[in-house]
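To start, the structure under review is shown below, and the notes come after it.
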Amino acid sequence: MNYKMIGKLMAQIQLLEAVFMVPALIISLYERNISAAISFIISILLIVIITGILRLVCGNTQKRFYAREGMVCVGLSWIMMSIYGCLPFYLSKEIPSFIDALFEIVSGFTTTGASILSNVEGLSKGMLYWRSFSHWLGGMGVLVFLLAVIPTEGKSGGFTMHLLRAESPGPNVGKLVPKMRQTARILYLIYILLTVLDFIFLRIGNMSTFEAVCTALGTAGTGGFGVKNDSIASYSPYLQNVCTVFMLLFGVNFSCYYLLLIKQFKAVFQDEELHLYFGLVLGSIVLIAWNVRDMYGSLGETVRHAAFQVASIITTTGFATTDFDLWPSFSKSILLFLMVIGASAGSTGGGLKCGRALLLIKSLRRNIRQILNPQKVMVVRNNGQMISEKVIENTYAYLVAYVVIVLFSILAISVDGESLTTNISAVIACFNNIGPGFDAVGATCNYSVFGTFSKMVLILDMLAGRLEIFPVLLLFSKSTWVRR
């Protein structure tokens, strides 16, 4: 284990986090909120001091970096980022409990959007901005940002691919272009462009500049932290429709946007995961609109609410325009199904991922055919390309880990005595980085109903879900820390 290389990278990541706190500090100073400003200053200084110590200790190191180091670096980085990121909330006493502050920022960085706050509008603007920006930073990933902007000294030793694989969502991570650094830059340029476009369309709808910035950041990261207590419900139909469209766009595999940029239109239109993603979206909208048609005044309003909630749930954003907890069981069952499936691989969304679900379906179909024709060699293909057995095995392993963690988490948080619906939906919503669930954690409620132990379990669920389980599990494995 190359501890010094891990420490060196973590120092760079922590320094980036301190830089990203500066805009929130400036907003707090502009608003003359002294307590918020002081809390950001203390947090930044603490990060800088610890970063300096890490740089001194880990300055001279060999550049050996393998998959194990990549996984450990990603897992530890996200934990440290969360601890530092929650300090402004806690030090300013805007969130008095450290565990609650940690829950809130982990929910932000993991783009979950689950909140313990009953009065979001009570936060200062600096805190609201930092809360929303955590979505944007966590959506594409801070290590991907690091790869995109920080120059590498000498040869990278392959660590760029190990970091990107550990942090990026999906069953398989590949290069858009030959160099991984260029891939990271392309991903972030597309990410920034879509975020800016979202902001422009929100401003066209007369949303205030501050609210448009926060909403665009939350939409881009598919996070769902709103700046109002009713999320998006009080905004105009135009603004709600803008959010619907951009939530769906950020749920698409970013490789598709790159293919469009290089005019590979046929490859995009034939993408099987894209077909599944939009097929689920359209089918769910039609079924829910039919099921809730009597709850709203017109067909247009019904379709608007159905489309918004389907987009919000399948992309794991978590915004809300209506209390979908009041919808019939059939509609809520569809939403629960979409919570599990999630968005496309390679997007900023969470969940199992459409790409992984597609592989599982194709693998199951292949295995059934293999039973009927045991002498015939069959392979699984996606978009015409053969999928390696290693990728399929990893997908099965992910599914097993997914089910085991969800079941144990439901059992663990049940000690608080909440309803089964609340416990199941809370775990699924946190693990899949969605935010709102049903019953006591529904669209109009929050996670303050849970005790400290349950919040810690849900914090681990959010981290495991965002980092695709294995980087977090490896931190608890004894063999990870054994020198080889």
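Residue numbering restarts at 1 in every chain; chains get A, B, ... in the order shown in the structure tokens, and ligands count up from 1 in that same order.
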Leu248 (chain A) environment, 12 Å, only C-alpha atoms, sequence neighbours closer than 5 positions dropped, as a PDB file with C-alpha atoms, in the first residue's frame:
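Generated file (out-v4.pdb):
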ATOM      1  CA  LEU A 194     -25.143  21.837 -19.356  1.00  0.00           C
ATOM      2  CA  ASP A 198     -29.798  25.168 -17.153  1.00  0.00           C
ATOM      3  CA  THR A 219     -30.154  19.759 -10.939  1.00  0.00           C
ATOM      4  CA  ALA A 220     -26.738  19.216 -12.542  1.00  0.00           C
ATOM      5  CA  GLY A 221     -25.567  17.031  -9.683  1.00  0.00           C
ATOM      6  CA  THR A 222     -28.986  15.327  -9.586  1.00  0.00           C
ATOM      7  CA  ASN A 241     -40.670  21.977 -16.924  1.00  0.00           C
ATOM      8  CA  VAL A 242     -37.124  23.340 -17.306  1.00  0.00           C
ATOM      9  CA  CYS A 243     -36.068  21.320 -14.270  1.00  0.00           C
ATOM     10  CA  ASN A 253     -24.585   8.798 -20.036  1.00  0.00           C
ATOM     11  CA  PHE A 254     -22.178  11.673 -20.722  1.00  0.00           C
ATOM     12  CA  LEU A 274     -30.447   5.130 -23.782  1.00  0.00           C
ATOM     13  CA  TYR A 277     -33.695   4.885 -19.941  1.00  0.00           C
ATOM     14  CA  PHE A 278     -36.149   6.891 -22.027  1.00  0.00           C
ATOM     15  CA  LEU A 280     -38.761   3.687 -18.615  1.00  0.00           C
ATOM     16  CA  VAL A 281     -39.315   7.445 -18.398  1.00  0.00           C
ATOM     17  CA  LEU A 282     -42.071   7.606 -21.020  1.00  0.00           C
ATOM     18  CA  ALA A 307     -43.241  13.895 -15.701  1.00  0.00           C
ATOM     19  CA  PHE A 308     -41.462  15.957 -13.044  1.00  0.00           C
ATOM     20  CA  GLN A 309     -41.591  13.241 -10.379  1.00  0.00           C
ATOM     21  CA  VAL A 310     -40.592  10.488 -12.790  1.00  0.00           C
ATOM     22  CA  ALA A 311     -37.617  12.580 -13.948  1.00  0.00           C
ATOM     23  CA  SER A 312     -36.742  13.493 -10.359  1.00  0.00           C
ATOM     24  CA  ILE A 313     -36.843   9.895  -9.106  1.00  0.00           C
ATOM     25  CA  ILE A 314     -35.223   8.002 -11.997  1.00  0.00           C
ATOM     26  CA  THR A 315     -32.361  10.515 -12.111  1.00  0.00           C
ATOM     27  CA  THR A 316     -32.234  10.324  -8.285  1.00  0.00           C
ATOM     28  CA  THR A 317     -32.487  14.118  -8.025  1.00  0.00           C
ATOM     29  CA  GLY A 342     -31.829   4.869 -11.314  1.00  0.00           C
ATOM     30  CA  ALA A 343     -30.265   6.758 -14.201  1.00  0.00           C
ATOM     31  CA  SER A 344     -27.736   5.780 -16.868  1.00  0.00           C
ATOM     32  CA  SER A 347     -24.307  10.111 -15.624  1.00  0.00           C
ATOM     33  CA  THR A 348     -24.528  12.120 -12.421  1.00  0.00           C
ATOM     34  CA  GLY A 349     -27.498  10.019 -11.274  1.00  0.00           C
TER      35      GLY A 349
END
Proximity to Ala233 (chain A) - best of A:Asp325, A:Ile49, A:Thr444, A:Ala114, only C-alpha atoms
A:Thr444
Nearest residue to Phe330 (chain A) from the set A:Trp290, A:Tyr296, A:Trp130, A:Tyr447 (distances using only C-alpha atoms):
A:Trp290
Please identify all polymer residues within 12 Å of Phe476 (chain A), counting only C-alpha atoms, omitting same-chain residues fewer than 2 positions from it, and present them as a PyMOL selection string.
chain A and resi 71-72+75-76+460+464+469-474+478-481
Dump as a short mmCIF file (atom, residue, chain, number, x, y, z; two decimals), in the first residue's frame, selection limited to N, CA and C atoms:
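Wrote selection_4.cif, looks like this:
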data_model
loop_
_atom_site.label_atom_id
_atom_site.label_comp_id
_atom_site.auth_asym_id
_atom_site.auth_seq_id
_atom_site.Cartn_x
_atom_site.Cartn_y
_atom_site.Cartn_z
N MET A 71 -8.99 2.70 -4.89
CA MET A 71 -10.21 2.50 -4.12
C MET A 71 -10.10 3.14 -2.73
N VAL A 72 -8.98 2.91 -2.05
CA VAL A 72 -8.78 3.45 -0.71
C VAL A 72 -8.75 4.97 -0.75
N GLY A 75 -12.33 6.31 -1.24
CA GLY A 75 -13.14 6.15 -0.04
C GLY A 75 -12.75 7.11 1.07
N LEU A 76 -11.43 7.19 1.36
CA LEU A 76 -10.96 8.09 2.41
C LEU A 76 -11.19 9.56 2.06
N LEU A 460 -23.50 6.02 5.89
CA LEU A 460 -22.70 4.99 5.23
C LEU A 460 -23.39 4.49 3.97
N ALA A 464 -21.73 4.60 0.32
CA ALA A 464 -21.58 3.34 -0.41
C ALA A 464 -22.33 3.40 -1.74
N ILE A 469 -20.30 1.08 -3.87
CA ILE A 469 -20.15 0.08 -2.81
C ILE A 469 -18.71 -0.30 -2.48
N PHE A 470 -17.94 -0.77 -3.46
CA PHE A 470 -16.66 -1.42 -3.17
C PHE A 470 -15.60 -0.52 -2.55
N PRO A 471 -15.44 0.75 -2.97
CA PRO A 471 -14.45 1.60 -2.29
C PRO A 471 -14.71 1.76 -0.80
N VAL A 472 -15.99 1.74 -0.40
CA VAL A 472 -16.33 1.86 1.01
C VAL A 472 -16.12 0.52 1.73
N LEU A 473 -16.55 -0.57 1.11
CA LEU A 473 -16.38 -1.89 1.73
C LEU A 473 -14.91 -2.21 1.94
N LEU A 474 -14.05 -1.82 0.99
CA LEU A 474 -12.63 -2.14 1.10
C LEU A 474 -11.98 -1.46 2.30
N LYS A 478 -9.71 -6.11 6.30
CA LYS A 478 -8.38 -6.21 6.88
C LYS A 478 -7.32 -6.41 5.81
N SER A 479 -7.64 -7.17 4.77
CA SER A 479 -6.66 -7.46 3.72
C SER A 479 -6.25 -6.22 2.93
N THR A 480 -7.11 -5.19 2.95
CA THR A 480 -6.80 -3.96 2.24
C THR A 480 -5.55 -3.29 2.81
N TRP A 481 -5.38 -3.40 4.13
CA TRP A 481 -4.31 -2.68 4.82
C TRP A 481 -3.07 -3.53 5.06
#
Would you please give, as a compact mmCIF listing (two decimals) with N, CA and C atoms, in the first residue's frame, all residues of region 267-429 of chain A that DSSP assigns to alpha helix (DSSP H) based on the backbone?
# COMPACT_ATOMS: atom_id res chain seq x y z
N ALA A 267 -24.37 6.08 -33.41
CA ALA A 267 -24.00 5.35 -32.19
C ALA A 267 -24.89 5.75 -31.02
N VAL A 268 -25.25 7.04 -30.96
CA VAL A 268 -26.12 7.51 -29.89
C VAL A 268 -27.53 6.97 -30.04
N PHE A 269 -28.08 7.08 -31.24
CA PHE A 269 -29.46 6.65 -31.47
C PHE A 269 -29.63 5.14 -31.33
N GLU A 272 -28.39 1.07 -26.53
CA GLU A 272 -29.44 0.28 -25.89
C GLU A 272 -29.79 0.80 -24.50
N GLU A 273 -28.80 1.29 -23.77
CA GLU A 273 -29.08 1.84 -22.45
C GLU A 273 -29.93 3.09 -22.56
N LEU A 274 -29.66 3.92 -23.56
CA LEU A 274 -30.45 5.13 -23.78
C LEU A 274 -31.89 4.77 -24.10
N HIS A 275 -32.09 3.72 -24.89
CA HIS A 275 -33.44 3.25 -25.20
C HIS A 275 -34.18 2.83 -23.93
N LEU A 276 -33.49 2.06 -23.08
CA LEU A 276 -34.11 1.60 -21.84
C LEU A 276 -34.45 2.77 -20.93
N TYR A 277 -33.52 3.72 -20.81
CA TYR A 277 -33.69 4.89 -19.94
C TYR A 277 -34.93 5.69 -20.34
N PHE A 278 -35.01 6.08 -21.60
CA PHE A 278 -36.15 6.89 -22.03
C PHE A 278 -37.42 6.06 -22.15
N GLY A 279 -37.28 4.77 -22.40
CA GLY A 279 -38.46 3.90 -22.40
C GLY A 279 -39.10 3.82 -21.03
N LEU A 280 -38.25 3.69 -19.98
CA LEU A 280 -38.76 3.69 -18.61
C LEU A 280 -39.41 5.02 -18.26
N VAL A 281 -38.79 6.11 -18.69
CA VAL A 281 -39.32 7.45 -18.40
C VAL A 281 -40.69 7.63 -19.02
N LEU A 282 -40.79 7.38 -20.31
CA LEU A 282 -42.07 7.61 -21.02
C LEU A 282 -43.16 6.66 -20.51
N GLY A 283 -42.81 5.40 -20.33
CA GLY A 283 -43.79 4.44 -19.84
C GLY A 283 -44.30 4.80 -18.45
N SER A 284 -43.39 5.23 -17.58
CA SER A 284 -43.78 5.59 -16.21
C SER A 284 -44.66 6.84 -16.19
N ILE A 285 -44.33 7.81 -17.03
CA ILE A 285 -45.14 9.04 -17.09
C ILE A 285 -46.57 8.72 -17.52
N VAL A 286 -46.71 7.88 -18.53
CA VAL A 286 -48.04 7.52 -19.04
C VAL A 286 -48.84 6.79 -17.97
N LEU A 287 -48.23 5.81 -17.31
CA LEU A 287 -48.94 5.01 -16.31
C LEU A 287 -49.32 5.84 -15.09
N ILE A 288 -48.40 6.69 -14.61
CA ILE A 288 -48.70 7.51 -13.43
C ILE A 288 -49.75 8.56 -13.77
N ALA A 289 -49.63 9.19 -14.94
CA ALA A 289 -50.63 10.20 -15.35
C ALA A 289 -52.02 9.58 -15.41
N TRP A 290 -52.09 8.36 -15.91
CA TRP A 290 -53.39 7.67 -15.97
C TRP A 290 -53.90 7.37 -14.56
N ASN A 291 -52.99 6.98 -13.66
CA ASN A 291 -53.38 6.57 -12.32
C ASN A 291 -53.80 7.75 -11.44
N LEU A 299 -55.49 17.81 -17.62
CA LEU A 299 -54.57 16.81 -18.13
C LEU A 299 -53.14 17.36 -18.16
N GLY A 300 -53.01 18.65 -18.53
CA GLY A 300 -51.68 19.25 -18.58
C GLY A 300 -51.00 19.27 -17.23
N GLU A 301 -51.75 19.62 -16.19
CA GLU A 301 -51.19 19.65 -14.84
C GLU A 301 -50.81 18.25 -14.38
N THR A 302 -51.66 17.28 -14.72
CA THR A 302 -51.39 15.89 -14.34
C THR A 302 -50.11 15.39 -14.97
N VAL A 303 -49.97 15.61 -16.28
CA VAL A 303 -48.77 15.16 -17.00
C VAL A 303 -47.53 15.89 -16.49
N ARG A 304 -47.67 17.19 -16.17
CA ARG A 304 -46.52 17.96 -15.68
C ARG A 304 -46.00 17.40 -14.36
N HIS A 305 -46.91 17.13 -13.42
CA HIS A 305 -46.48 16.57 -12.13
C HIS A 305 -45.92 15.15 -12.29
N ALA A 306 -46.58 14.35 -13.14
CA ALA A 306 -46.11 12.98 -13.36
C ALA A 306 -44.72 12.98 -14.00
N ALA A 307 -44.53 13.83 -15.01
CA ALA A 307 -43.24 13.90 -15.70
C ALA A 307 -42.15 14.40 -14.77
N PHE A 308 -42.47 15.40 -13.96
CA PHE A 308 -41.46 15.96 -13.04
C PHE A 308 -41.02 14.90 -12.03
N GLN A 309 -41.96 14.21 -11.41
CA GLN A 309 -41.59 13.24 -10.38
C GLN A 309 -40.90 12.03 -10.96
N VAL A 310 -41.30 11.60 -12.15
CA VAL A 310 -40.59 10.49 -12.79
C VAL A 310 -39.15 10.88 -13.09
N ALA A 311 -38.97 12.09 -13.65
CA ALA A 311 -37.62 12.58 -13.95
C ALA A 311 -36.81 12.73 -12.67
N SER A 312 -37.43 13.26 -11.62
CA SER A 312 -36.74 13.49 -10.36
C SER A 312 -36.31 12.18 -9.70
N ILE A 313 -37.14 11.15 -9.79
CA ILE A 313 -36.84 9.89 -9.11
C ILE A 313 -35.88 9.03 -9.92
N ILE A 314 -36.09 8.89 -11.22
CA ILE A 314 -35.22 8.00 -12.00
C ILE A 314 -33.82 8.57 -12.11
N SER A 329 -51.21 3.64 -4.57
CA SER A 329 -50.13 2.66 -4.38
C SER A 329 -49.47 2.27 -5.69
N PHE A 330 -50.26 2.20 -6.77
CA PHE A 330 -49.69 1.83 -8.07
C PHE A 330 -48.62 2.83 -8.51
N SER A 331 -48.92 4.12 -8.38
CA SER A 331 -47.96 5.15 -8.77
C SER A 331 -46.73 5.14 -7.87
N LYS A 332 -46.95 4.96 -6.56
CA LYS A 332 -45.82 4.91 -5.63
C LYS A 332 -44.95 3.68 -5.88
N SER A 333 -45.57 2.60 -6.30
CA SER A 333 -44.80 1.39 -6.62
C SER A 333 -43.90 1.63 -7.84
N ILE A 334 -44.42 2.36 -8.81
CA ILE A 334 -43.61 2.70 -9.98
C ILE A 334 -42.42 3.55 -9.56
N LEU A 335 -42.67 4.54 -8.70
CA LEU A 335 -41.58 5.40 -8.22
C LEU A 335 -40.55 4.59 -7.45
N LEU A 336 -41.01 3.63 -6.63
CA LEU A 336 -40.09 2.78 -5.87
C LEU A 336 -39.22 1.95 -6.82
N PHE A 337 -39.83 1.46 -7.88
CA PHE A 337 -39.09 0.71 -8.90
C PHE A 337 -38.03 1.59 -9.56
N LEU A 338 -38.40 2.83 -9.89
CA LEU A 338 -37.47 3.76 -10.52
C LEU A 338 -36.35 4.15 -9.56
N MET A 339 -36.65 4.21 -8.25
CA MET A 339 -35.61 4.50 -7.25
C MET A 339 -34.49 3.47 -7.33
N VAL A 340 -34.86 2.23 -7.49
CA VAL A 340 -33.86 1.15 -7.53
C VAL A 340 -33.09 1.17 -8.84
N ILE A 341 -33.78 1.34 -9.95
CA ILE A 341 -33.13 1.29 -11.26
C ILE A 341 -32.19 2.48 -11.45
N CYS A 354 -29.24 1.97 -15.32
CA CYS A 354 -29.90 1.30 -16.44
C CYS A 354 -28.94 0.35 -17.15
N GLY A 355 -27.67 0.76 -17.29
CA GLY A 355 -26.70 -0.09 -17.95
C GLY A 355 -26.48 -1.40 -17.22
N ARG A 356 -26.41 -1.31 -15.90
CA ARG A 356 -26.22 -2.52 -15.09
C ARG A 356 -27.47 -3.39 -15.13
N ALA A 357 -28.65 -2.78 -15.08
CA ALA A 357 -29.90 -3.54 -15.18
C ALA A 357 -30.00 -4.26 -16.52
N LEU A 358 -29.55 -3.57 -17.58
CA LEU A 358 -29.57 -4.16 -18.92
C LEU A 358 -28.66 -5.38 -18.99
N LEU A 359 -27.48 -5.27 -18.39
CA LEU A 359 -26.55 -6.40 -18.37
C LEU A 359 -27.13 -7.59 -17.60
N LEU A 360 -27.79 -7.29 -16.47
CA LEU A 360 -28.39 -8.37 -15.68
C LEU A 360 -29.49 -9.09 -16.45
N ILE A 361 -30.31 -8.32 -17.16
CA ILE A 361 -31.40 -8.92 -17.95
C ILE A 361 -30.83 -9.78 -19.07
N LYS A 362 -29.83 -9.24 -19.76
CA LYS A 362 -29.23 -9.99 -20.88
C LYS A 362 -28.50 -11.23 -20.39
N SER A 363 -27.85 -11.11 -19.24
CA SER A 363 -27.14 -12.26 -18.68
C SER A 363 -28.12 -13.34 -18.25
N LEU A 364 -29.24 -12.93 -17.65
CA LEU A 364 -30.26 -13.89 -17.24
C LEU A 364 -30.83 -14.61 -18.47
N ARG A 365 -31.10 -13.85 -19.53
CA ARG A 365 -31.62 -14.45 -20.76
C ARG A 365 -30.60 -15.42 -21.35
N ARG A 366 -29.31 -15.04 -21.32
CA ARG A 366 -28.25 -15.92 -21.83
C ARG A 366 -28.18 -17.22 -21.04
N ASN A 367 -28.29 -17.10 -19.69
CA ASN A 367 -28.20 -18.30 -18.85
C ASN A 367 -29.38 -19.24 -19.07
N ILE A 368 -30.56 -18.69 -19.30
CA ILE A 368 -31.74 -19.53 -19.58
C ILE A 368 -31.54 -20.28 -20.89
N ARG A 369 -31.05 -19.57 -21.92
CA ARG A 369 -30.80 -20.22 -23.21
C ARG A 369 -29.69 -21.27 -23.10
N GLN A 370 -28.70 -20.99 -22.23
CA GLN A 370 -27.60 -21.92 -22.04
C GLN A 370 -28.10 -23.23 -21.43
N ILE A 371 -29.08 -23.14 -20.55
CA ILE A 371 -29.66 -24.35 -19.95
C ILE A 371 -30.34 -25.19 -21.03
N LEU A 372 -31.02 -24.52 -21.96
CA LEU A 372 -31.72 -25.23 -23.03
C LEU A 372 -30.77 -25.76 -24.09
N GLU A 389 -16.74 -11.57 -19.44
CA GLU A 389 -17.30 -12.29 -18.29
C GLU A 389 -16.90 -11.62 -16.97
N LYS A 390 -15.76 -10.93 -16.96
CA LYS A 390 -15.33 -10.24 -15.74
C LYS A 390 -16.29 -9.12 -15.38
N VAL A 391 -16.75 -8.37 -16.40
CA VAL A 391 -17.71 -7.30 -16.15
C VAL A 391 -19.02 -7.87 -15.63
N ILE A 392 -19.45 -9.00 -16.20
CA ILE A 392 -20.70 -9.63 -15.76
C ILE A 392 -20.56 -10.15 -14.33
N GLU A 393 -19.41 -10.75 -14.01
CA GLU A 393 -19.17 -11.22 -12.64
C GLU A 393 -19.19 -10.06 -11.65
N ASN A 394 -18.57 -8.96 -12.02
CA ASN A 394 -18.57 -7.78 -11.15
C ASN A 394 -19.98 -7.23 -10.95
N THR A 395 -20.80 -7.32 -12.00
CA THR A 395 -22.18 -6.86 -11.90
C THR A 395 -22.97 -7.73 -10.93
N TYR A 396 -22.77 -9.06 -11.01
CA TYR A 396 -23.42 -9.97 -10.06
C TYR A 396 -22.96 -9.68 -8.63
N ALA A 397 -21.65 -9.46 -8.46
CA ALA A 397 -21.11 -9.17 -7.14
C ALA A 397 -21.70 -7.88 -6.58
N TYR A 398 -21.84 -6.88 -7.45
CA TYR A 398 -22.43 -5.61 -7.04
C TYR A 398 -23.87 -5.83 -6.58
N LEU A 399 -24.63 -6.64 -7.33
CA LEU A 399 -26.04 -6.89 -6.99
C LEU A 399 -26.15 -7.58 -5.64
N VAL A 400 -25.29 -8.55 -5.39
CA VAL A 400 -25.32 -9.27 -4.11
C VAL A 400 -25.01 -8.31 -2.97
N ALA A 401 -23.95 -7.52 -3.14
CA ALA A 401 -23.58 -6.55 -2.11
C ALA A 401 -24.70 -5.53 -1.89
N TYR A 402 -25.32 -5.13 -2.97
CA TYR A 402 -26.44 -4.16 -2.92
C TYR A 402 -27.56 -4.70 -2.05
N VAL A 403 -27.99 -5.92 -2.33
CA VAL A 403 -29.12 -6.53 -1.60
C VAL A 403 -28.76 -6.73 -0.13
N VAL A 404 -27.56 -7.23 0.14
CA VAL A 404 -27.15 -7.50 1.53
C VAL A 404 -27.11 -6.21 2.34
N ILE A 405 -26.50 -5.15 1.78
CA ILE A 405 -26.39 -3.88 2.51
C ILE A 405 -27.76 -3.27 2.76
N VAL A 406 -28.63 -3.31 1.76
CA VAL A 406 -29.97 -2.74 1.91
C VAL A 406 -30.74 -3.47 3.01
N LEU A 407 -30.68 -4.80 3.01
CA LEU A 407 -31.42 -5.59 4.00
C LEU A 407 -30.90 -5.33 5.41
N PHE A 408 -29.58 -5.33 5.58
CA PHE A 408 -29.00 -5.08 6.90
C PHE A 408 -29.27 -3.65 7.36
N SER A 409 -29.29 -2.70 6.45
CA SER A 409 -29.55 -1.31 6.81
C SER A 409 -31.00 -1.13 7.27
N ILE A 410 -31.92 -1.79 6.59
CA ILE A 410 -33.33 -1.73 7.00
C ILE A 410 -33.49 -2.30 8.40
N LEU A 411 -32.81 -3.43 8.65
CA LEU A 411 -32.86 -4.04 9.97
C LEU A 411 -32.25 -3.11 11.03
N ALA A 412 -31.14 -2.46 10.68
CA ALA A 412 -30.43 -1.61 11.66
C ALA A 412 -31.25 -0.39 12.06
N ILE A 413 -31.86 0.29 11.11
CA ILE A 413 -32.58 1.52 11.45
C ILE A 413 -33.97 1.25 12.02
N LEU A 420 -42.50 0.30 8.66
CA LEU A 420 -41.73 -0.48 7.70
C LEU A 420 -41.57 0.29 6.39
N THR A 421 -42.64 0.97 5.98
CA THR A 421 -42.58 1.77 4.75
C THR A 421 -41.53 2.86 4.86
N THR A 422 -41.50 3.52 6.02
CA THR A 422 -40.49 4.56 6.25
C THR A 422 -39.09 3.99 6.19
N ASN A 423 -38.85 2.87 6.87
CA ASN A 423 -37.51 2.28 6.93
C ASN A 423 -37.04 1.80 5.56
N ILE A 424 -37.90 1.09 4.85
CA ILE A 424 -37.52 0.57 3.53
C ILE A 424 -37.23 1.70 2.56
N SER A 425 -38.14 2.67 2.50
CA SER A 425 -37.96 3.76 1.54
C SER A 425 -36.79 4.66 1.92
N ALA A 426 -36.53 4.82 3.23
CA ALA A 426 -35.40 5.65 3.67
C ALA A 426 -34.08 5.03 3.23
N VAL A 427 -33.93 3.73 3.43
CA VAL A 427 -32.70 3.04 3.03
C VAL A 427 -32.53 3.06 1.52
N ILE A 428 -33.60 2.75 0.79
CA ILE A 428 -33.51 2.74 -0.68
C ILE A 428 -33.22 4.15 -1.19
N ALA A 429 -33.87 5.15 -0.59
CA ALA A 429 -33.66 6.53 -1.03
C ALA A 429 -32.25 7.00 -0.74
